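Engineer: Following this line is model-v6.txt, made up of compact mmCIF, C-alpha atoms:
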```
# COMPACT_ATOMS: atom_id res chain seq x y z
CA MET A 137 -2.89 -10.16 -2.12
CA THR A 138 -0.87 -7.07 -1.44
CA GLN A 139 2.15 -7.45 0.79
CA VAL A 140 1.35 -5.77 4.09
CA THR A 141 3.90 -3.27 5.33
CA VAL A 142 3.52 -1.82 8.82
CA GLY A 143 5.11 1.62 8.87
CA VAL A 144 5.09 4.68 11.11
CA ARG A 145 3.30 7.28 9.00
CA PRO A 146 3.48 11.08 9.29
CA THR A 147 0.09 12.76 9.48
CA LYS A 148 -0.79 15.68 7.23
CA ARG A 149 -0.08 17.97 10.17
CA CYS A 150 3.36 16.39 10.64
CA LEU A 151 4.19 16.80 6.95
CA ALA A 152 3.46 20.51 7.36
CA ASP A 153 5.57 20.66 10.54
CA LEU A 154 8.49 19.16 8.61
CA SER A 155 7.83 21.24 5.46
CA LEU A 156 7.83 18.03 3.41
CA PRO A 157 6.37 17.99 -0.13
CA LEU A 158 3.70 15.39 -0.75
CA PRO A 159 5.03 12.44 -2.83
CA ASP A 160 2.93 10.63 -5.44
CA LEU A 161 0.70 7.74 -4.34
CA GLY A 162 3.28 5.18 -5.39
CA HIS A 163 5.59 6.40 -2.62
CA PRO A 164 4.20 5.49 0.84
CA LEU A 165 4.55 8.27 3.39
CA HIS A 166 6.40 6.06 5.87
CA GLU A 167 9.16 5.56 3.25
CA MET A 168 9.92 9.27 2.86
CA ASP A 169 13.60 10.18 2.99
CA ASP A 170 13.49 12.45 6.04
CA SER A 171 15.47 11.96 9.24
CA ILE A 172 12.41 12.12 11.52
CA VAL A 173 10.38 9.73 9.38
CA VAL A 174 13.31 7.33 9.02
CA THR A 175 14.10 7.39 12.76
CA ALA A 176 10.44 6.87 13.67
CA GLN A 177 10.36 3.52 11.84
CA ALA A 178 12.35 1.99 14.71
CA ILE A 179 9.82 2.99 17.39
CA PRO A 180 7.58 -0.14 17.24
CA ALA A 181 10.58 -2.46 17.73
CA LEU A 182 12.06 -0.22 20.43
CA ARG A 183 8.69 -0.17 22.22
CA ASN A 184 8.59 -3.97 22.20
CA ALA A 185 12.14 -4.08 23.57
CA GLY A 186 11.44 -1.49 26.26
CA GLY A 187 13.89 1.01 24.80
CA VAL A 188 11.65 3.93 23.94
CA GLN A 189 10.84 7.09 25.94
CA ARG A 190 7.23 7.83 26.78
CA ILE A 191 6.00 11.43 27.02
CA LEU A 192 4.36 11.42 30.44
CA SER A 193 2.94 14.92 30.15
CA LEU A 194 0.69 13.83 27.25
CA ASN A 195 -1.35 11.50 29.39
CA ASP A 196 -4.61 11.10 27.49
CA ARG A 197 -2.96 8.40 25.36
CA VAL A 198 0.52 6.86 25.03
CA TRP A 199 3.00 8.98 23.04
CA PHE A 200 6.66 8.23 22.44
CA LYS A 201 9.61 10.53 21.74
CA VAL A 202 11.47 10.60 18.43
CA LYS A 203 14.79 12.44 18.42
CA THR A 204 17.31 13.34 15.75
CA ARG A 205 20.25 15.72 16.08
CA ASP A 206 18.20 18.90 15.65
CA ARG A 207 14.56 17.82 15.52
CA ARG A 208 11.93 16.18 17.72
CA ALA A 209 8.62 14.38 17.11
CA VAL A 210 5.90 12.36 18.82
CA VAL A 211 4.62 8.91 17.82
CA THR A 212 1.58 6.94 18.97
CA ARG A 213 0.02 3.58 18.25
CA LEU A 214 -3.72 3.52 17.63
CA GLN A 215 -5.84 0.86 19.27
CA ASP A 216 -7.85 -1.57 17.14
CA ASP A 217 -11.06 0.38 17.81
CA ASP A 218 -9.47 3.48 16.25
CA LEU A 219 -8.60 1.74 12.96
CA PRO A 220 -10.84 1.52 9.88
CA ASP A 221 -12.27 -1.98 9.41
CA GLU A 222 -11.21 -2.24 5.75
CA LEU A 223 -7.46 -2.04 6.44
CA PRO A 224 -5.28 -5.13 7.02
CA SER A 225 -4.24 -5.80 10.60
CA GLU A 226 -1.68 -3.33 11.97
CA VAL A 227 -1.66 -1.18 8.81
CA GLY A 228 -2.22 2.44 9.80
CA SER A 229 -1.70 1.76 13.50
CA TRP A 230 1.47 3.85 14.03
CA TRP A 231 1.56 7.63 13.38
CA ILE A 232 3.85 10.62 13.82
CA GLY A 233 1.47 13.26 15.17
CA ALA A 234 3.69 16.35 15.33
CA ALA A 235 7.29 17.41 14.81
CA GLY A 236 9.50 20.43 15.36
CA HIS A 237 13.00 21.72 15.90
CA ARG A 238 14.98 21.09 19.05
CA GLN A 239 15.13 24.12 21.34
CA ALA A 240 17.80 23.42 23.95
CA ASP A 241 18.45 26.94 25.18
CA SER A 242 15.28 27.29 27.27
CA PRO A 243 12.92 24.78 28.95
CA GLN A 244 10.01 27.02 27.94
CA ARG A 245 10.93 26.59 24.28
CA ASP A 246 11.49 22.83 24.50
CA PHE A 247 9.47 21.06 21.78
CA TYR A 248 7.79 18.63 24.15
CA GLU A 249 6.97 21.30 26.73
CA SER A 250 5.58 23.56 24.01
CA LEU A 251 3.44 20.70 22.67
CA ARG A 252 2.14 19.96 26.18
CA ARG A 253 0.97 23.55 26.57
CA LYS A 254 -0.78 23.47 23.18
CA CYS A 255 -2.57 20.26 24.19
CA SER A 256 -3.58 21.46 27.67
CA GLU A 257 -6.69 23.29 28.82
CA GLY A 258 -6.65 23.77 32.56
CA LYS A 259 -5.73 20.42 34.06
CA SER A 260 -6.98 18.35 31.13
CA VAL A 261 -4.86 17.19 28.20
CA SER A 262 -6.19 16.32 24.74
CA THR A 263 -4.02 15.13 21.85
CA THR A 264 -6.95 14.20 19.61
CA HIS A 265 -5.96 16.87 17.08
CA LEU A 266 -2.59 15.13 16.65
CA LEU A 267 -4.24 11.90 15.47
CA PRO A 268 -4.81 11.04 11.79
CA GLY A 269 -7.85 12.65 10.21
CA GLU A 270 -9.99 11.98 7.16
CA TRP A 271 -7.25 13.11 4.74
CA ASP A 272 -4.74 10.70 6.32
CA TRP A 273 -7.05 7.70 5.98
CA LYS A 274 -7.93 8.57 2.38
CA ARG A 275 -4.24 8.90 1.52
CA LEU A 276 -3.48 5.50 3.10
CA SER A 277 -6.35 3.83 1.21
CA ALA A 278 -5.15 5.37 -2.06
CA GLU A 279 -1.61 4.11 -1.45
CA GLN A 280 -2.99 0.63 -0.77
CA ALA A 281 -4.95 0.72 -4.04
CA VAL A 282 -1.89 1.77 -6.04
CA ALA A 283 0.23 -0.95 -4.38
CA TRP A 284 -2.45 -3.57 -5.11
CA ARG A 285 -2.61 -2.59 -8.77
CA ARG A 286 1.19 -2.67 -9.09
CA GLU A 287 1.39 -6.11 -7.48
CA MET A 288 -1.48 -7.46 -9.59
CA LYS A 289 0.22 -6.28 -12.78
CA ARG A 290 3.41 -8.09 -11.80
CA LEU A 291 1.40 -11.24 -11.02
CA VAL A 292 -0.65 -11.21 -14.24
CA VAL A 293 2.46 -10.56 -16.36
CA HIS A 294 4.25 -13.43 -14.61
CA LEU A 295 1.34 -15.85 -15.13
CA ILE A 296 1.20 -15.01 -18.84
CA ALA A 297 4.97 -15.47 -19.16
CA MET A 298 4.72 -18.85 -17.39
CA SER A 299 2.00 -20.02 -19.78
CA LEU A 300 3.95 -18.73 -22.77
CA THR A 301 7.07 -20.69 -21.86
CA SER A 302 5.35 -23.88 -20.64
CA GLY A 303 2.38 -24.04 -23.01
CA LYS A 304 0.22 -24.90 -20.00
CA LEU A 305 -2.29 -23.14 -17.76
CA ALA A 306 -0.55 -20.92 -15.15
CA VAL A 307 -2.34 -20.57 -11.82
CA ALA A 308 -1.95 -18.30 -8.78
CA GLU A 309 -3.70 -19.70 -5.70
CA PHE A 310 -5.09 -17.51 -2.92
CA GLN A 311 -7.18 -18.28 0.15
CA SER A 312 -10.58 -17.82 -1.51
CA HIS A 313 -9.85 -17.38 -5.23
CA ARG A 314 -7.61 -18.23 -8.15
CA ILE A 315 -6.21 -16.19 -11.04
CA LYS A 316 -5.14 -18.06 -14.16
CA ALA A 317 -3.61 -17.31 -17.55
CA LEU A 318 -3.55 -19.48 -20.65
CA VAL A 319 -1.80 -18.83 -23.94
CA ARG A 320 -2.61 -21.21 -26.76
CA VAL A 321 -2.16 -21.41 -30.52
CA ASP A 322 -4.85 -22.77 -32.84
CA ASP A 323 -4.45 -24.82 -36.01
CA ALA A 324 -4.07 -21.63 -38.05
CA HIS A 325 -1.09 -20.64 -35.87
CA GLU A 326 -3.04 -17.76 -34.32
CA ALA A 327 -2.31 -17.13 -30.63
CA TYR A 328 -4.94 -16.41 -27.97
CA LEU A 329 -4.65 -15.27 -24.38
CA ALA A 330 -7.25 -16.06 -21.76
CA ILE A 331 -7.40 -14.55 -18.28
CA ILE A 332 -9.45 -16.68 -15.91
CA ALA A 333 -10.73 -15.77 -12.45
CA GLU A 334 -12.31 -18.11 -9.95
CA GLY A 335 -13.96 -16.78 -6.81
CA ILE A 336 -13.83 -13.10 -7.87
CA PRO A 337 -17.48 -12.01 -8.31
CA ASP A 338 -16.77 -8.28 -8.54
CA PRO A 339 -16.67 -7.28 -12.24
CA GLU A 340 -14.65 -4.15 -11.44
CA ILE A 341 -11.87 -6.26 -9.92
CA PHE A 342 -11.84 -8.53 -12.96
CA ALA A 343 -11.71 -5.48 -15.25
CA LEU A 344 -8.63 -4.30 -13.33
CA LEU A 345 -7.01 -7.69 -13.91
CA LEU A 346 -7.57 -7.39 -17.66
CA ASP A 347 -6.17 -3.86 -17.57
CA CYS A 348 -2.95 -5.29 -16.08
CA VAL A 349 -2.11 -6.93 -19.43
CA PRO A 350 0.16 -4.49 -21.29
CA GLY A 351 -0.41 -3.92 -24.98
CA VAL A 352 -4.04 -5.09 -25.02
CA ALA A 353 -6.84 -2.49 -25.26
CA LYS A 354 -9.96 -3.03 -23.17
CA ASP A 355 -12.14 -3.31 -26.29
CA ASP A 356 -10.01 -6.24 -27.53
CA TRP A 357 -11.26 -8.54 -24.76
CA GLN A 358 -14.39 -10.65 -25.04
CA PRO A 359 -16.09 -13.07 -22.66
CA GLU A 360 -15.96 -16.81 -23.15
CA PRO A 361 -17.41 -18.94 -24.55
CA SER A 362 -16.93 -17.16 -27.86
CA GLU A 363 -16.03 -17.94 -31.46
CA LEU A 364 -12.58 -16.45 -30.87
CA ALA A 365 -10.98 -18.92 -28.47
CA ALA A 366 -13.87 -21.38 -27.96
CA LEU A 367 -13.13 -21.80 -24.25
CA GLU A 368 -15.80 -23.20 -21.99
CA PRO A 369 -15.65 -21.71 -18.46
CA ALA A 370 -15.83 -24.21 -15.62
CA PRO A 371 -18.40 -23.65 -12.85
CA GLY A 372 -17.47 -20.51 -10.88
CA GLU A 373 -15.01 -19.26 -13.50
CA ILE A 374 -15.03 -15.98 -15.42
CA VAL A 375 -13.03 -16.17 -18.64
CA TRP A 376 -12.16 -13.37 -21.07
CA SER A 377 -9.90 -13.84 -24.07
CA THR A 378 -8.13 -11.83 -26.75
CA LEU A 379 -5.90 -12.28 -29.75
CA PHE A 380 -2.29 -12.33 -28.62
CA PRO A 381 0.15 -10.82 -31.15
CA SER A 382 3.77 -11.97 -31.03
CA GLU A 383 5.03 -8.44 -30.28
CA VAL A 384 2.83 -8.28 -27.17
CA ALA A 385 4.09 -11.70 -26.09
CA SER A 386 7.71 -10.60 -26.49
CA ALA A 387 7.09 -7.43 -24.49
CA ILE A 388 5.50 -9.43 -21.66
CA LEU A 389 8.43 -11.85 -21.50
CA GLU A 390 10.86 -8.92 -21.27
CA LEU A 391 8.75 -7.19 -18.60
CA ASP A 392 8.55 -10.37 -16.51
CA ALA A 393 12.32 -10.86 -16.77
CA SER A 394 12.92 -7.29 -15.60
CA HIS A 395 10.55 -7.77 -12.64
CA ARG A 396 12.40 -10.91 -11.56
CA THR A 397 15.75 -9.17 -11.92
CA ARG A 398 14.65 -6.36 -9.58
CA SER A 399 13.11 -8.73 -7.03
```
Let me see whether you can do it: turn the structure in this file into structure tokens.

Structural biologist:
Amino acid sequence: MTQVTVGVRPTKRCLADLSLPLPDLGHPLHEMDDSIVVTAQAIPALRNAGGVQRILSLNDRVWFKVKTRDRRAVVTRLQDDDLPDELPSEVGSWWIGAAGHRQADSPQRDFYESLRRKCSEGKSVSTTHLLPGEWDWKRLSAEQAVAWRREMKRLVVHLIAMSLTSGKLAVAEFQSHRIKALVRVDDAHEAYLAIIAEGIPDPEIFALLLDCVPGVAKDDWQPEPSELAALEPAPGEIVWSTLFPSEVASAILELDASHRTRS
């Protein structure tokens, strides 16, 4: 569901090298406003075009140079076997492993030469310590979770707004499941909202969908069929409903309009 963004991410070690503060989970590390991080985003395309410099002295894996006016860094692409299975394809494949200041006055103080010495033991070279570690993978997974929740909230709000304005069932279709919203008014002019999931067996995921509806407390939801909305779930559907006050409806319409304006 979540839009996949392939970025070149700084490792925890690289963040320390650059003295960068850690942003909140809603701000992906590859989008940080730092000259090294920004410049590194071009490396995958430059590699594909043959316009990137490889660091030959770090020969245990392929590393590329990143240069700004006064700083230097190294970037690598992980192979599929190095990536966690749960991540989308290509996400988490590119990393900035280390960074430092340019030292042009002496070859011995050159950033890349200094890094080679730190990675060498006798004639062997190992850059394993420059690769992402457990903290880096946990941070990436947390960012993905926050992005998923943000996108789901936008989707649920939009579905409710569509049903509000059309009076019909609003449906979002995915490869193996559907998410639906229905707003209806009974004979007593009381409004109800139903959130419907098809092909989502995990109750925790469905609970997150309900939590995406602003202005409705979790205890206000109840499963269908019930006396409240009298909806009969179709085979494979999970349906929960709630009373839908006019002030909540107005807030959702405004929120959906603001989302579309920013898109």

Engineer: One number please: atom CA of A:Arg145 to atom CA of A:Arg245, in Å, one decimal.

Structural biologist: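 Atom-to-atom, atom CA of A:Arg145 to atom CA of A:Arg245, that is 25.8 Å.
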
Engineer: Do you have the atom CA of A:Glu383-atom CA of A:Ala327 distance handy?

Structural biologist: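 Computed distance, atom CA of A:Glu383 to atom CA of A:Ala327, equals 11.4 Å.
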
Engineer: Which is closest to A:Ile296 among A:Leu223, A:Ala385, A:Lys254, A:Trp357, if we use all atoms listed in the file?

Structural biologist: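 Smallest distance to A:Ile296 is found for A:Ala385.
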
Engineer: Separation of atom CA of A:Ser171 and atom CA of A:Thr204, in Å?

Structural biologist: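 Between these atoms lies a distance of 6.9 Å.
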
Engineer: Which residues of stretch 173-198 of chain A come within 10 Å of stretch 211-214 of chain A, and what is each one's closest atom pair and distance in Å (one decimal), counting all atoms listed in the file, sorted by chain and residue number, as a Markdown table?

Structural biologist:
```
| residue | atom | partner | partner_atom | distance |
| --- | --- | --- | --- | --- |
| A:Ala176 | CA | A:Val211 | CA | 7.4 |
| A:Gln177 | CA | A:Val211 | CA | 9.9 |
| A:Ile179 | CA | A:Val211 | CA | 7.9 |
| A:Pro180 | CA | A:Arg213 | CA | 8.5 |
| A:Arg190 | CA | A:Val211 | CA | 9.4 |
| A:Ile191 | CA | A:Val211 | CA | 9.6 |
| A:Arg197 | CA | A:Thr212 | CA | 8.0 |
| A:Val198 | CA | A:Thr212 | CA | 6.2 |
```

Engineer: May I have the residues within 12 Å of stretch 236-239 of chain A as a ChimeraX atom specification, using only C-alpha atoms and disregarding those fewer than 4 positions away in the same chain?

Structural biologist: /A:149-155,172,201-210,232,243-251

Engineer: Write out as number ranges by chain which residues come within 12 Å of A:Asp169 when counting all atoms listed in the file, dropping same-chain ones fewer than 3 positions away.

Structural biologist: A: 146, 154, 156-159, 163-166, 172-177

Engineer: Using all atoms listed in the file, which residue out of A:Asp356, A:Asp218, A:Glu309, A:Glu334 lies closest to A:Leu267?

Structural biologist: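 Answer, going by the shortest atom-to-atom distance: A:Asp218.
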
Engineer: Identify which of the residues A:Gln215, A:Gln311, A:Asn195, A:Ser302 lies closest to A:Ser260, counting all atoms listed in the file when measuring atom-to-atom distances.

Structural biologist: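 Using all atoms listed in the file, the shortest distance to A:Ser260 belongs to A:Asn195.
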
Engineer: Pick from A:Ala234, A:Val188, A:Ile332, A:Leu291: nearest to A:Trp376, with only C-alpha atoms counted?

Structural biologist: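 Result for the nearest residue to A:Trp376: A:Ile332.
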
Engineer: Could you give me, as number ranges by chain, the residues within 8 Å of stretch 390-397 of chain A, counting all atoms listed in the file and dropping anything in the same chain fewer than 5 positions from it?

Structural biologist: A: 290, 293-294, 297

Engineer: Could you tell me which of A:Pro220, A:Tyr328, A:Asp272, A:Leu367 comes closest to A:Ser299 if we count only C-alpha atoms?

Structural biologist: A:Tyr328

Engineer: Got a sec: who's within 10 Å of A:Val307, counting only C-alpha atoms, leaving out chain neighbours fewer than 2 positions off, as a tab-separated table (two decimals) with C-alpha atoms, in the frame of the given file?

Structural biologist:
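Result written to result.tsv:
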```tsv
chain	number	residue	atom	x	y	z
A	292	VAL	CA	-0.65	-11.21	-14.24
A	295	LEU	CA	1.34	-15.85	-15.13
A	296	ILE	CA	1.20	-15.01	-18.84
A	298	MET	CA	4.72	-18.85	-17.39
A	299	SER	CA	2.00	-20.02	-19.78
A	304	LYS	CA	0.22	-24.90	-20.00
A	305	LEU	CA	-2.29	-23.14	-17.76
A	309	GLU	CA	-3.70	-19.70	-5.70
A	310	PHE	CA	-5.09	-17.51	-2.92
A	314	ARG	CA	-7.61	-18.23	-8.15
A	315	ILE	CA	-6.21	-16.19	-11.04
A	316	LYS	CA	-5.14	-18.06	-14.16
A	317	ALA	CA	-3.61	-17.31	-17.55
A	318	LEU	CA	-3.55	-19.48	-20.65
A	332	ILE	CA	-9.45	-16.68	-15.91
A	333	ALA	CA	-10.73	-15.77	-12.45
```

Engineer: Report as a VMD selection string all protein, DNA and RNA residues lying within 10 Å of A:Val261, evaluated on all atoms listed in the file, omitting residues in the same chain fewer than 5 positions from it.

Structural biologist: chain A and resid 193 to 197 252 to 256

Engineer: In terms of the shortest atom-to-atom distance over all atoms listed in the file, which of A:Leu192, A:Ala343, A:Leu300, A:Ile336 is closest to A:Leu389?

Structural biologist: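 Ranked by minimum distance to A:Leu389, first place goes to A:Leu300.
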
Engineer: Would you compute, for all listed atoms of stretch 196-205 of chain A, the axis-aligned bounding box grown by 3 Å on each side, and then report its centre and edge lengths in Å rounded to one decimal, as lines of an AutoDock Vina configuration file?

Structural biologist:
```
center_x = 7.8
center_y = 11.3
center_z = 21.6
size_x = 30.9
size_y = 14.9
size_z = 17.7
```
